[in-house]
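Enquirer: Input model.cif, format and content: mmCIF, C-alpha atoms.
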```cif
data_target
#
loop_
_atom_site.label_atom_id
_atom_site.label_comp_id
_atom_site.auth_asym_id
_atom_site.auth_seq_id
_atom_site.Cartn_x
_atom_site.Cartn_y
_atom_site.Cartn_z
CA MET P 1 -16.70 55.06 32.84
CA PRO P 2 -14.11 52.47 32.07
CA ALA P 3 -10.50 52.22 33.07
CA LYS P 4 -7.78 51.94 30.47
CA HIS P 5 -6.38 48.44 30.26
CA THR P 6 -4.61 46.04 27.97
CA PRO P 7 -7.11 43.68 26.28
CA GLY P 8 -7.39 40.50 28.33
CA LYS P 9 -5.18 41.82 31.13
CA ALA P 10 -6.52 43.55 34.24
CA PRO P 11 -4.53 46.44 35.71
CA SER P 12 -2.45 45.45 38.72
CA LYS P 13 -3.83 46.78 41.95
CA THR P 14 -0.42 46.55 43.55
CA SER P 15 0.92 48.95 40.93
CA ARG P 16 -1.41 51.73 42.05
CA LYS P 17 0.44 54.37 44.03
CA ARG P 18 -1.22 55.04 47.35
CA HIS P 19 -1.50 58.57 48.69
CA LEU P 20 -2.23 60.14 52.04
CA PRO P 21 -6.00 60.45 52.53
CA TYR P 22 -7.80 63.78 52.59
CA HIS P 23 -9.49 64.39 55.93
CA GLY P 24 -11.54 67.43 55.00
CA GLY P 25 -14.73 65.43 55.41
CA LYS P 26 -18.27 66.04 54.30
CA GLY P 27 -19.29 69.56 53.45
CA LYS P 28 -15.80 71.07 53.36
CA VAL P 29 -14.38 72.73 50.29
CA HIS P 30 -10.77 73.63 49.68
CA PRO P 31 -10.17 77.33 50.50
CA ARG P 32 -8.98 78.11 46.97
CA SER P 33 -12.32 77.07 45.54
CA ARG P 34 -14.26 79.59 47.60
CA GLY P 35 -13.18 82.49 45.46
CA THR P 36 -14.73 81.00 42.32
CA GLN P 37 -17.87 79.39 43.69
CA THR P 38 -20.83 80.55 45.70
CA GLY P 39 -23.08 78.29 47.75
CA HIS P 40 -26.79 78.22 46.97
CA LYS P 41 -29.43 77.94 49.69
CA GLU P 42 -32.45 77.79 47.44
CA LYS P 43 -34.88 75.02 48.39
CA VAL P 44 -35.85 73.27 45.19
CA LYS P 45 -36.28 69.67 44.10
CA VAL P 46 -34.51 69.11 40.81
CA HIS P 47 -35.90 66.86 38.09
CA HIS P 48 -34.22 65.31 35.07
CA ARG P 49 -34.82 62.33 32.79
CA SER P 50 -31.62 60.70 34.09
CA HIS P 51 -32.94 60.44 37.65
CA GLY P 52 -33.94 56.83 38.31
CA LYS P 53 -37.45 56.22 39.61
CA GLN P 54 -38.25 52.51 39.15
CA PRO P 55 -36.71 50.36 41.89
CA GLY P 56 -35.14 47.08 40.92
CA GLN P 57 -32.28 44.70 41.57
CA VAL P 58 -28.68 44.80 40.40
CA LEU P 59 -27.02 42.10 38.29
CA VAL P 60 -23.31 42.07 37.46
CA LEU P 61 -21.01 40.19 35.09
CA GLY P 62 -17.46 40.36 33.78
CA GLN P 63 -14.20 40.66 35.67
CA GLY P 64 -14.22 41.46 39.38
CA LEU P 65 -10.63 41.17 40.55
CA PHE P 66 -10.93 44.40 42.52
CA GLY P 67 -14.32 43.66 44.08
CA GLN P 68 -16.31 45.63 41.51
CA LEU P 69 -18.85 42.79 41.21
CA GLY P 70 -19.78 43.11 44.89
CA LEU P 71 -20.01 39.35 45.31
CA GLY P 72 -17.33 38.81 47.97
CA ASP P 73 -13.91 37.16 48.01
CA ASN P 74 -14.53 33.94 46.13
CA ILE P 75 -16.06 35.24 42.89
CA PRO P 76 -13.42 37.08 40.80
CA GLN P 77 -15.48 36.88 37.59
CA ARG P 78 -18.92 36.02 36.24
CA LYS P 79 -19.69 34.83 32.73
CA LYS P 80 -23.42 35.33 33.19
CA PRO P 81 -25.35 37.94 35.20
CA ALA P 82 -25.29 37.39 38.97
CA LEU P 83 -27.49 39.02 41.62
CA VAL P 84 -25.85 41.50 44.02
CA PRO P 85 -27.31 41.40 47.56
CA LEU P 86 -28.45 44.91 48.48
CA PRO P 87 -30.62 46.08 51.40
CA GLU P 88 -33.22 47.96 49.32
CA GLY P 89 -34.59 48.49 45.83
CA ILE P 90 -32.09 50.24 43.55
CA VAL P 91 -33.09 53.00 41.11
CA GLN P 92 -29.73 53.58 39.41
CA VAL P 93 -26.44 51.74 38.98
CA ALA P 94 -23.17 53.18 37.62
CA ALA P 95 -20.14 51.07 36.70
CA GLY P 96 -16.84 52.91 37.02
CA GLY P 97 -13.33 51.83 36.07
CA VAL P 98 -13.02 49.24 38.84
CA HIS P 99 -15.85 50.16 41.20
CA THR P 100 -19.65 50.20 41.19
CA VAL P 101 -22.15 52.69 42.64
CA CYS P 102 -25.79 51.83 43.42
CA LEU P 103 -28.47 54.39 44.30
CA GLY P 104 -31.29 53.13 46.50
CA GLY P 105 -34.90 54.24 46.31
CA SER P 106 -34.49 55.90 49.71
CA GLY P 107 -31.73 58.13 48.29
CA SER P 108 -28.93 56.15 49.96
CA ILE P 109 -25.74 55.14 48.10
CA TYR P 110 -23.99 51.75 48.18
CA THR P 111 -20.52 51.20 46.71
CA PHE P 112 -18.09 48.33 46.14
CA GLY P 113 -14.82 47.78 44.28
CA CYS P 114 -11.35 49.34 44.36
CA ASN P 115 -10.96 51.98 47.05
CA ASP P 116 -7.28 52.84 46.57
CA GLU P 117 -8.07 56.48 45.81
CA GLY P 118 -11.30 56.85 47.74
CA ALA P 119 -13.78 56.08 44.95
CA LEU P 120 -16.07 54.19 47.37
CA GLY P 121 -16.58 57.22 49.63
CA ARG P 122 -16.45 55.09 52.77
CA GLU P 123 -14.00 53.43 55.11
CA THR P 124 -13.16 49.85 54.14
CA SER P 125 -11.92 47.18 56.54
CA ASP P 126 -12.32 43.49 57.35
CA SER P 127 -15.77 44.28 58.74
CA ALA P 128 -16.66 46.53 55.79
CA PRO P 129 -14.77 45.02 52.84
CA GLU P 130 -14.32 46.62 49.44
CA ASN P 131 -15.79 43.62 47.60
CA CYS P 132 -19.21 43.79 49.28
CA PRO P 133 -21.76 46.63 49.12
CA GLY P 134 -21.33 49.25 51.82
CA LYS P 135 -23.30 52.40 52.53
CA VAL P 136 -21.90 55.89 51.94
CA VAL P 137 -22.73 58.27 54.80
CA LEU P 138 -24.03 61.46 53.23
CA GLY P 139 -27.07 62.59 55.22
CA GLU P 140 -28.98 63.92 52.20
CA LYS P 141 -31.30 62.28 49.68
CA VAL P 142 -29.50 61.56 46.41
CA VAL P 143 -31.35 61.42 43.07
CA GLN P 144 -28.50 60.59 40.67
CA VAL P 145 -24.96 59.19 40.70
CA SER P 146 -22.09 58.84 38.23
CA ALA P 147 -18.79 56.95 38.34
CA GLY P 148 -15.45 57.52 36.64
CA ASN P 149 -12.11 55.81 36.77
CA CYS P 150 -11.31 56.68 40.41
CA HIS P 151 -14.07 59.11 41.35
CA THR P 152 -17.79 59.16 42.16
CA ALA P 153 -20.33 61.99 42.00
CA ALA P 154 -23.72 62.25 43.71
CA LEU P 155 -26.51 64.74 43.06
CA THR P 156 -29.00 65.49 45.84
CA GLU P 157 -32.67 66.35 45.43
CA ASP P 158 -31.98 70.06 46.00
CA GLY P 159 -29.35 70.23 43.26
CA THR P 160 -26.21 69.94 45.39
CA VAL P 161 -23.28 67.86 44.12
CA TYR P 162 -20.93 65.77 46.27
CA LEU P 163 -17.67 64.23 45.04
CA TRP P 164 -15.18 61.71 46.37
CA GLY P 165 -12.14 59.87 45.05
CA SER P 166 -9.65 61.50 42.69
CA PHE P 167 -9.06 62.66 39.14
CA ARG P 168 -5.91 61.43 37.38
CA ASP P 169 -3.96 62.44 34.30
CA SER P 170 -0.86 61.10 32.54
CA ASN P 171 1.28 62.45 35.38
CA GLY P 172 -0.67 60.65 38.10
CA ILE P 173 -3.10 61.86 40.74
CA MET P 174 -4.57 65.34 40.19
CA GLY P 175 -6.76 65.56 43.26
CA LEU P 176 -10.43 66.43 43.59
CA LEU P 177 -11.55 70.09 43.91
CA HIS P 178 -8.01 70.86 45.06
CA SER P 179 -4.64 69.82 43.76
CA LYS P 180 -3.01 66.47 44.48
CA GLU P 181 -5.32 65.42 47.31
CA LYS P 182 -7.82 62.61 47.04
CA CYS P 183 -11.07 62.65 49.03
CA ASN P 184 -11.99 59.51 50.97
CA ALA P 185 -15.35 60.97 52.01
CA PRO P 186 -17.98 63.06 50.19
CA VAL P 187 -17.07 66.72 49.66
CA LYS P 188 -19.63 69.35 48.66
CA VAL P 189 -19.26 71.32 45.43
CA LEU P 190 -20.55 74.87 45.79
CA LEU P 191 -22.08 76.41 42.66
CA LYS P 192 -24.21 79.48 42.03
CA GLU P 193 -27.26 77.48 40.92
CA PRO P 194 -28.74 74.01 41.40
CA VAL P 195 -27.42 71.15 39.28
CA VAL P 196 -29.85 68.80 37.52
CA LYS P 197 -27.44 66.25 35.96
CA VAL P 198 -23.96 64.87 36.65
CA ALA P 199 -21.93 62.82 34.16
CA SER P 200 -18.50 61.23 34.54
CA GLY P 201 -15.80 60.43 32.05
CA ASP P 202 -12.70 58.51 33.04
CA ASP P 203 -11.19 61.50 34.81
CA HIS P 204 -13.50 64.40 34.18
CA LEU P 205 -16.89 65.50 35.45
CA VAL P 206 -19.67 67.42 33.69
CA LEU P 207 -22.47 69.27 35.48
CA VAL P 208 -25.68 70.60 33.91
CA THR P 209 -27.41 73.32 35.92
CA ARG P 210 -31.08 74.18 36.14
CA GLY P 211 -30.34 77.42 34.30
CA GLY P 212 -28.95 75.53 31.31
CA ASN P 213 -25.28 76.15 32.04
CA LEU P 214 -22.49 73.60 31.68
CA TYR P 215 -19.63 73.15 34.16
CA THR P 216 -16.66 70.79 33.88
CA ALA P 217 -13.82 69.66 36.15
CA GLY P 218 -10.93 67.21 36.08
CA CYS P 219 -8.36 66.20 33.50
CA GLY P 220 -8.27 68.36 30.38
CA GLU P 221 -5.40 66.77 28.45
CA LYS P 222 -7.63 65.63 25.58
CA GLY P 223 -9.92 68.68 25.54
CA GLN P 224 -12.65 66.89 27.50
CA LEU P 225 -13.30 69.95 29.70
CA GLY P 226 -14.27 72.15 26.75
CA ARG P 227 -12.85 75.26 28.44
CA VAL P 228 -9.05 74.89 28.57
CA LYS P 229 -6.68 75.85 25.75
CA ASP P 230 -4.09 73.37 24.49
CA MET P 231 -1.28 75.32 26.20
CA PHE P 232 -3.01 74.99 29.58
CA SER P 233 -4.34 71.44 29.21
CA ASP P 234 -1.31 69.84 30.88
CA ARG P 235 -1.99 70.54 34.56
CA GLY P 236 -3.01 74.11 33.82
CA GLY P 237 0.38 75.14 32.41
CA ARG P 238 1.63 78.37 33.93
CA GLN P 239 -1.82 79.05 35.39
CA GLY P 240 -1.46 76.08 37.74
CA LEU P 241 -3.30 72.82 38.39
CA ASP P 242 -6.07 74.33 40.52
CA ARG P 243 -7.92 75.71 37.49
CA LEU P 244 -8.73 72.14 36.35
CA PRO P 245 -10.24 70.17 39.30
CA ILE P 246 -12.58 72.99 40.35
CA PRO P 247 -15.82 73.06 38.27
CA ARG P 248 -15.92 76.09 35.97
CA PRO P 249 -18.30 77.04 33.15
CA VAL P 250 -17.96 75.98 29.53
CA LEU P 251 -18.52 78.99 27.31
CA LEU P 252 -20.45 78.48 24.07
CA LYS P 253 -20.22 80.99 21.23
CA ARG P 254 -23.86 81.91 21.61
CA LYS P 255 -26.14 81.73 24.60
CA VAL P 256 -27.25 78.11 24.57
CA HIS P 257 -29.52 76.45 27.12
CA VAL P 258 -28.03 73.01 27.79
CA ILE P 259 -30.46 70.34 28.98
CA ASP P 260 -28.28 67.22 29.04
CA ALA P 261 -24.69 66.01 28.87
CA PHE P 262 -22.97 62.66 28.39
CA CYS P 263 -19.38 61.47 28.66
CA GLY P 264 -16.99 59.12 26.98
CA GLU P 265 -13.65 58.26 28.53
CA ASN P 266 -12.02 61.44 27.20
CA PHE P 267 -14.81 63.37 25.50
CA THR P 268 -18.16 65.03 26.13
CA PHE P 269 -21.52 65.42 24.38
CA ALA P 270 -23.89 68.27 25.30
CA LEU P 271 -27.48 68.58 24.12
CA SER P 272 -29.20 71.96 23.92
CA GLU P 273 -32.84 72.81 24.44
CA ASN P 274 -33.35 73.32 20.71
CA GLY P 275 -31.89 69.90 19.87
CA CYS P 276 -28.36 70.93 18.85
CA VAL P 277 -25.44 68.66 19.73
CA TYR P 278 -22.14 70.12 20.95
CA VAL P 279 -18.99 68.04 21.44
CA PHE P 280 -15.48 68.47 22.79
CA GLY P 281 -12.56 66.24 23.67
CA LEU P 282 -10.75 63.37 21.94
CA SER P 283 -11.94 62.49 18.43
CA ASN P 284 -8.98 60.50 17.10
CA TYR P 285 -11.33 58.01 15.41
CA HIS P 286 -13.95 60.70 14.67
CA GLN P 287 -16.07 59.45 17.58
CA LEU P 288 -17.36 63.01 17.94
CA GLY P 289 -18.22 63.30 14.28
CA THR P 290 -15.59 66.02 13.80
CA ILE P 291 -12.72 66.48 11.38
CA GLU P 292 -10.46 67.59 14.24
CA THR P 293 -8.87 64.86 16.34
CA LEU P 294 -8.78 67.05 19.47
CA CYS P 295 -11.49 69.61 20.25
CA TYR P 296 -10.51 71.84 23.17
CA PHE P 297 -13.69 73.90 22.90
CA PRO P 298 -17.28 73.02 21.94
CA VAL P 299 -17.94 72.17 18.29
CA LYS P 300 -21.32 71.61 16.65
CA PRO P 301 -20.73 68.75 14.13
CA THR P 302 -22.80 68.87 10.97
CA CYS P 303 -23.43 65.12 11.10
CA PHE P 304 -25.81 65.64 14.05
CA GLY P 305 -27.63 68.50 12.37
CA ASP P 306 -30.28 66.55 10.44
CA SER P 307 -33.56 68.20 11.43
CA THR P 308 -35.39 64.88 11.03
CA THR P 309 -33.37 63.30 13.87
CA ALA P 310 -34.12 64.18 17.49
CA TRP P 311 -31.24 62.98 19.67
CA VAL P 312 -32.07 61.92 23.23
CA GLU P 313 -29.02 60.05 24.55
CA PHE P 314 -25.30 59.50 23.98
CA SER P 315 -22.65 57.33 25.58
CA GLY P 316 -18.94 56.97 24.94
CA GLY P 317 -16.19 54.43 25.48
CA GLU P 318 -12.49 54.65 24.83
CA GLU P 319 -12.65 55.56 21.13
CA HIS P 320 -16.27 55.05 20.10
CA ALA P 321 -19.70 56.46 20.88
CA LEU P 322 -23.34 55.40 20.75
CA CYS P 323 -26.27 57.70 19.97
CA LEU P 324 -30.00 57.16 20.46
CA ASP P 325 -32.77 59.06 18.70
CA SER P 326 -36.34 59.66 19.81
CA LYS P 327 -37.61 56.89 17.53
CA GLY P 328 -35.51 54.28 19.36
CA GLN P 329 -32.83 53.79 16.71
CA VAL P 330 -29.29 53.20 17.96
CA TYR P 331 -26.32 54.66 16.04
CA SER P 332 -22.57 54.23 16.48
CA LEU P 333 -19.44 56.05 15.33
CA GLY P 334 -15.70 56.06 15.97
CA SER P 335 -13.39 53.06 16.17
CA GLY P 336 -14.81 49.70 15.15
CA HIS P 337 -11.98 47.56 16.52
CA TYR P 338 -13.18 44.50 18.50
CA GLY P 339 -16.64 45.02 16.99
CA ARG P 340 -17.65 47.83 19.32
CA LEU P 341 -19.65 49.65 16.59
CA GLY P 342 -21.93 46.64 16.08
CA LEU P 343 -21.88 47.12 12.31
CA GLY P 344 -20.45 43.74 11.32
CA GLN P 345 -16.99 42.31 10.88
CA GLY P 346 -14.60 44.42 8.87
CA VAL P 347 -16.03 47.82 9.82
CA THR P 348 -13.09 49.53 11.51
CA GLN P 349 -14.23 53.14 11.63
CA LYS P 350 -17.22 55.43 11.11
CA SER P 351 -16.96 59.23 11.13
CA GLU P 352 -20.69 59.89 11.41
CA PRO P 353 -23.62 58.21 13.22
CA SER P 354 -24.46 54.90 11.51
CA PRO P 355 -27.58 52.84 12.37
CA VAL P 356 -26.85 49.64 14.31
CA PRO P 357 -28.98 46.80 12.89
CA GLY P 358 -30.27 43.63 14.51
CA MET P 359 -32.22 44.99 17.47
CA GLU P 360 -35.69 46.12 18.43
CA LEU P 361 -36.27 49.78 19.22
CA ALA P 362 -34.15 50.94 22.15
CA SER P 363 -34.78 53.03 25.26
CA GLY P 364 -31.16 53.46 26.39
CA VAL P 365 -27.51 52.97 25.45
CA SER P 366 -24.23 52.57 27.34
CA CYS P 367 -20.55 52.04 26.52
CA GLY P 368 -17.68 50.41 28.34
CA SER P 369 -14.11 50.93 27.13
CA ARG P 370 -14.44 48.60 24.15
CA VAL P 371 -17.97 47.28 24.52
CA SER P 372 -21.47 48.60 23.74
CA PHE P 373 -24.94 47.98 25.14
CA ALA P 374 -28.52 48.86 24.27
CA ILE P 375 -31.72 48.41 26.30
CA THR P 376 -34.80 47.71 24.20
CA ARG P 377 -38.21 49.18 24.90
CA THR P 378 -39.43 45.68 25.76
CA GLY P 379 -36.80 45.19 28.47
CA SER P 380 -34.11 43.14 26.75
CA VAL P 381 -30.42 44.06 26.63
CA TYR P 382 -28.04 43.65 23.70
CA ALA P 383 -24.25 43.72 23.81
CA TRP P 384 -21.40 43.81 21.30
CA GLY P 385 -17.66 44.51 21.19
CA MET P 386 -14.65 43.02 22.96
CA GLY P 387 -15.38 39.76 24.77
CA THR P 388 -12.08 39.34 26.63
CA ASN P 389 -13.41 40.53 29.99
CA LEU P 390 -16.69 38.54 29.77
CA GLN P 391 -18.73 41.76 29.82
CA LEU P 392 -21.00 40.70 26.95
CA GLY P 393 -22.81 37.90 28.78
CA THR P 394 -22.22 35.32 26.05
CA GLY P 395 -20.18 33.14 28.41
CA GLU P 396 -17.29 33.26 25.95
CA GLU P 397 -14.32 35.56 25.38
CA ASN P 398 -14.97 36.00 21.67
CA ASP P 399 -15.52 39.49 20.26
CA GLU P 400 -19.02 40.18 18.94
CA TRP P 401 -19.27 42.32 15.80
CA SER P 402 -23.06 42.52 15.84
CA PRO P 403 -25.55 42.87 18.73
CA VAL P 404 -26.26 39.72 20.75
CA LYS P 405 -28.97 39.45 23.39
CA ILE P 406 -27.68 38.89 26.92
CA SER P 407 -29.31 35.89 28.57
CA GLY P 408 -28.97 33.95 31.80
CA LYS P 409 -30.91 32.42 34.64
CA GLN P 410 -31.08 35.71 36.54
CA LEU P 411 -32.65 37.42 33.52
CA GLU P 412 -35.49 34.91 33.21
CA SER P 413 -38.83 36.61 33.92
CA ARG P 414 -37.06 39.93 34.42
CA MET P 415 -37.01 43.16 32.45
CA VAL P 416 -33.86 45.22 32.14
CA LEU P 417 -34.33 48.86 33.16
CA ALA P 418 -30.78 50.13 32.66
CA VAL P 419 -27.24 49.03 31.85
CA SER P 420 -23.85 50.52 32.68
CA GLY P 421 -20.55 49.46 31.13
CA GLY P 422 -17.41 49.72 33.25
CA GLY P 423 -13.74 49.12 32.57
CA GLN P 424 -13.96 45.34 32.91
CA HIS P 425 -17.48 44.65 34.19
CA THR P 426 -21.11 45.33 33.37
CA ALA P 427 -23.96 46.24 35.73
CA LEU P 428 -27.66 45.78 34.96
CA LEU P 429 -30.72 47.16 36.76
CA VAL P 430 -33.63 44.74 36.44
CA LYS P 431 -37.14 44.17 37.77
CA ALA P 432 -39.62 41.30 37.63
CA GLU P 433 -41.81 41.25 34.51
CA GLN P 434 -45.03 41.01 36.53
CA GLU P 435 -44.23 44.36 38.15
CA GLY P 436 -45.12 46.02 34.83
#
```
Translate this file's structure into structure tokens.
Expert:
Amino acid sequence: MPAKHTPGKAPSKTSRKRHLPYHGGKGKVHPRSRGTQTGHKEKVKVHHRSHGKQPGQVLVLGQGLFGQLGLGDNIPQRKKPALVPLPEGIVQVAAGGVHTVCLGGSGSIYTFGCNDEGALGRETSDSAPENCPGKVVLGEKVVQVSAGNCHTAALTEDGTVYLWGSFRDSNGIMGLLHSKEKCNAPVKVLLKEPVVKVASGDDHLVLVTRGGNLYTAGCGEKGQLGRVKDMFSDRGGRQGLDRLPIPRPVLLKRKVHVIDAFCGENFTFALSENGCVYVFGLSNYHQLGTIETLCYFPVKPTCFGDSTTAWVEFSGGEEHALCLDSKGQVYSLGSGHYGRLGLGQGVTQKSEPSPVPGMELASGVSCGSRVSFAITRTGSVYAWGMGTNLQLGTGEENDEWSPVKISGKQLESRMVLAVSGGGQHTALLVKAEQEG
């Protein structure tokens, strides 16, 4: 998920406050978390539609001042997609605020970008620089990854979750699983049941379990955790900060089996087994389809309740969201500034899902802070929104108010499998057309 930034101006790396690293290491959990979580030993291979299976190559474009393009020292930006050298076929790519995470077909993880707060999950040095892909030592096969502003999550084939980096709020660093300490290396999250899906917002994490339960952790200032009252949203209030970084369940009014979850920067979408959509978090431009501007607990908006629409995917940026139905139609809602809704010039806000015209049927959607993307069923990728950071692939810095197809030499004779929008860069997963 994208980092907050001023349009056209990248955040200064030198302004980031550095903190003492956490040396707990792999597999260790802060003692305070043991009282609320129980490890599971069950041997089971989890499956979910979000788990990448088709291996491909990674292309990147946009701004790369912090190494998030993975192209080395001399390439701080790319106007058109460029190939990232990686040692194996990649099945998933996730663009964070200023870092990128790639999941190999073998289950190995490769990261590059800003490592100030440990988001890369590995030691960086002259021999293992931040701006080139490096392997994260985990020792288990990973099936899915997600990336936030300064954190990364990895889900293993048996349903175990590992985290590294840090959550942040308006007061600064929150820590990860324990207060005010970042994690430079993967740390295991212990839950009572296997997890099948991880999703990251800017500074919050959502976990979907095999039993249909929903857990959240991280910053709750905008209601994005769905389980913390307003009075406790600022660092836990009198109950203390530790109740926020540790994953805890989101309670729905009725017993609901959750099958999927998706994040915006400061909000969350959850999809139930019977097709209902639940939302919580920031909705200042009605990007959640709610009347309320802040939803601290799950709400079921009526605008997603049309029985003729089967929702399959959501993605969120700073103040807008994209929705995809089972027929392949892309919808947008929320703020339309910079053209991020894709509904044409002059559309500044939508409070309910509105069809985005000008594309073929889609198979996936993704948002950066102020940009939007859609993958078509034929393997093309469309982009729209703010052009300042060169994330749209047009080669220009102009905003695009309607979808435009991303092109470039590296996309010739290639199909796009997936796209991920970061704070200032875009990552594409592609494969050769002849591979089918």
Enquirer: Since I can't run it myself right now, could you work out what the PyMOL selection byres ((chain P and resi 278) around 12) selects here and report it as JSON, numbers by chain?
Expert: {"P": [214, 224, 226, 250, 251, 252, 253, 254, 256, 257, 258, 259, 260, 261, 262, 263, 267, 268, 269, 270, 271, 272, 273, 274, 275, 276, 277, 279, 280, 281, 288, 289, 290, 295, 296, 297, 298, 299, 300, 301, 302, 303, 304, 305, 311, 314]}
Enquirer: Have a look at P:Val60, P:Leu225, P:Val365, P:Val196 and name the one nearest to Asn213 of chain P; count all atoms listed in the file.
Expert: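 Going through P:Val60, P:Leu225, P:Val365, P:Val196 one by one, the smallest distance to Asn213 of chain P is for P:Val196.
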Enquirer: Identify, on the basis of all atoms listed in the file, every residue whose closest approach to His204 of chain P does not exceed 8 Å; exclude the query and any residue fewer than 6 positions from it along the same chain; express the result as a list in words.
Expert: Gly148, Phe167, Thr216, Ala217, Gly218, Cys219, Gly220, Gln224, Leu225 and Asn266 of chain P
Enquirer: Those same residues, written as a PDB file, keeping the file's coordinate frame with C-alpha atoms?
Expert:
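Output below, filename again_18.pdb:
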```
ATOM      1  CA  GLY P 148     -15.450  57.520  36.640  1.00  0.00           C
ATOM      2  CA  PHE P 167      -9.060  62.660  39.140  1.00  0.00           C
ATOM      3  CA  THR P 216     -16.660  70.790  33.880  1.00  0.00           C
ATOM      4  CA  ALA P 217     -13.820  69.660  36.150  1.00  0.00           C
ATOM      5  CA  GLY P 218     -10.930  67.210  36.080  1.00  0.00           C
ATOM      6  CA  CYS P 219      -8.360  66.200  33.500  1.00  0.00           C
ATOM      7  CA  GLY P 220      -8.270  68.360  30.380  1.00  0.00           C
ATOM      8  CA  GLN P 224     -12.650  66.890  27.500  1.00  0.00           C
ATOM      9  CA  LEU P 225     -13.300  69.950  29.700  1.00  0.00           C
ATOM     10  CA  ASN P 266     -12.020  61.440  27.200  1.00  0.00           C
TER      11      ASN P 266
END
```
Enquirer: Just say which residues the PyMOL selection byres ((chain P and resi 234-241) around 9) picks in this file, as a list in words.
Expert: Asp169, Ser170, Asn171, Met174, His178, Ser179, Lys180, Cys219, Gly220, Glu221, Val228, Asp230, Met231, Phe232, Ser233, Asp242, Arg243, Leu244 and Pro245 of chain P
Enquirer: To verify the selection step, state as a PyMOL selection string which residues the PyMOL selection byres ((chain P and resi 120) around 8) yields on this input.
Expert: chain P and resi 99+101+111-115+118-119+121-122+136+152+164-165+184
Enquirer: Write the residues of the selection above to a file with C-alpha atoms, as an mmCIF file, in the coordinates of the input.
Expert:
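Full text of out03.cif as output:
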```
data_model
loop_
_atom_site.group_PDB
_atom_site.id
_atom_site.type_symbol
_atom_site.label_atom_id
_atom_site.label_comp_id
_atom_site.auth_asym_id
_atom_site.auth_seq_id
_atom_site.Cartn_x
_atom_site.Cartn_y
_atom_site.Cartn_z
ATOM 1 C CA HIS P 99 -15.850 50.160 41.200
ATOM 2 C CA VAL P 101 -22.150 52.690 42.640
ATOM 3 C CA THR P 111 -20.520 51.200 46.710
ATOM 4 C CA PHE P 112 -18.090 48.330 46.140
ATOM 5 C CA GLY P 113 -14.820 47.780 44.280
ATOM 6 C CA CYS P 114 -11.350 49.340 44.360
ATOM 7 C CA ASN P 115 -10.960 51.980 47.050
ATOM 8 C CA GLY P 118 -11.300 56.850 47.740
ATOM 9 C CA ALA P 119 -13.780 56.080 44.950
ATOM 10 C CA GLY P 121 -16.580 57.220 49.630
ATOM 11 C CA ARG P 122 -16.450 55.090 52.770
ATOM 12 C CA VAL P 136 -21.900 55.890 51.940
ATOM 13 C CA THR P 152 -17.790 59.160 42.160
ATOM 14 C CA TRP P 164 -15.180 61.710 46.370
ATOM 15 C CA GLY P 165 -12.140 59.870 45.050
ATOM 16 C CA ASN P 184 -11.990 59.510 50.970
#
```
Enquirer: In Å to one decimal, how far is atom CA of Leu411 of chain P from atom CA of Ala432 of chain P?
Expert: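 Answer for the atom CA of Ala432 of chain P to atom CA of Leu411 of chain P separation: 9.0 Å.
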Enquirer: I need the residue nearest Ser146 of chain P from this list: P:Gly212, P:Gly421, P:Gly387, P:Pro353. Use all atoms listed in the file for the distance.
Expert: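 Distance minimum relative to Ser146 of chain P lands on P:Gly421.
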Enquirer: Grab the atom CA of Ser413 of chain P to atom CA of Ser326 of chain P distance for me, in Å with one decimal place.
Expert: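 For atom CA of Ser413 of chain P relative to atom CA of Ser326 of chain P, the distance reads 27.1 Å.
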Enquirer: Hey, can you check how far atom CA of Arg227 of chain P sits from atom CA of Leu333 of chain P?
Expert: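 Pair atom CA of Arg227 of chain P / atom CA of Leu333 of chain P returns 24.2 Å.
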Enquirer: Name all residues at most 12 Å from Ser366 of chain P (count only C-alpha atoms; drop same-chain ones fewer than 3 positions away) and give them as a PyMOL selection string.
Expert: chain P and resi 1-2+93-95+262-264+313-317+320-324+330-332+340+362-363+369-375+381-384+418-422+426-428
Enquirer: For a cutoff of 12 Å around the file-coordinate point (-15.2, 36.2, 23.9), which residues qualify once you count all atoms listed in the file? I'd like the result as a list in words.
Expert: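 Residues with an atom at most 12 Å from (-15.2, 36.2, 23.9): Pro7, Gly8, Gly62, Lys79, Tyr338, Gly339, Val371, Ala383, Trp384, Gly385, Met386, Gly387, Thr388, Asn389, Leu390, Gln391, Leu392, Gly393, Thr394, Gly395, Glu396, Glu397, Asn398, Asp399, Glu400 and Trp401 of chain P.
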Enquirer: Check the smallest atom-to-atom distance from each of P:Asp73, P:Glu433, P:Asp116, P:Asp158 to Val46 of chain P using all atoms listed in the file, then report the winner.
Expert: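 Smallest separation from Val46 of chain P among the options: P:Asp158.
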Enquirer: Choose the residue, out of P:Tyr285, P:Thr308, P:Lys135, P:Ser402, that has the smallest atom-to-atom separation from Leu343 of chain P; count only C-alpha atoms.
Expert: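 Among P:Tyr285, P:Thr308, P:Lys135, P:Ser402, it is P:Ser402 that comes nearest to Leu343 of chain P.
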Enquirer: Given all atoms listed in the file as the basis, pick out the residue of P:Pro247, P:Gly104, P:Glu318, P:Gly96 nearest to Asn149 of chain P.
Expert: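 Using all atoms listed in the file, the shortest distance to Asn149 of chain P belongs to P:Gly96.
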Enquirer: Tell me, as a list in words, which residues lie within 12 Å of His47 of chain P, counting only C-alpha atoms; anything in the same chain fewer than 3 positions away does not count.
Expert: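 That gives Val44, Ser50, His51, Gly52, Lys53, Val142, Val143, Gln144, Leu155, Thr156, Glu157, Asp158, Gly159, Pro194, Val195, Val196, Lys197, Val208, Thr209, Arg210, Ile259 and Asp260 of chain P.
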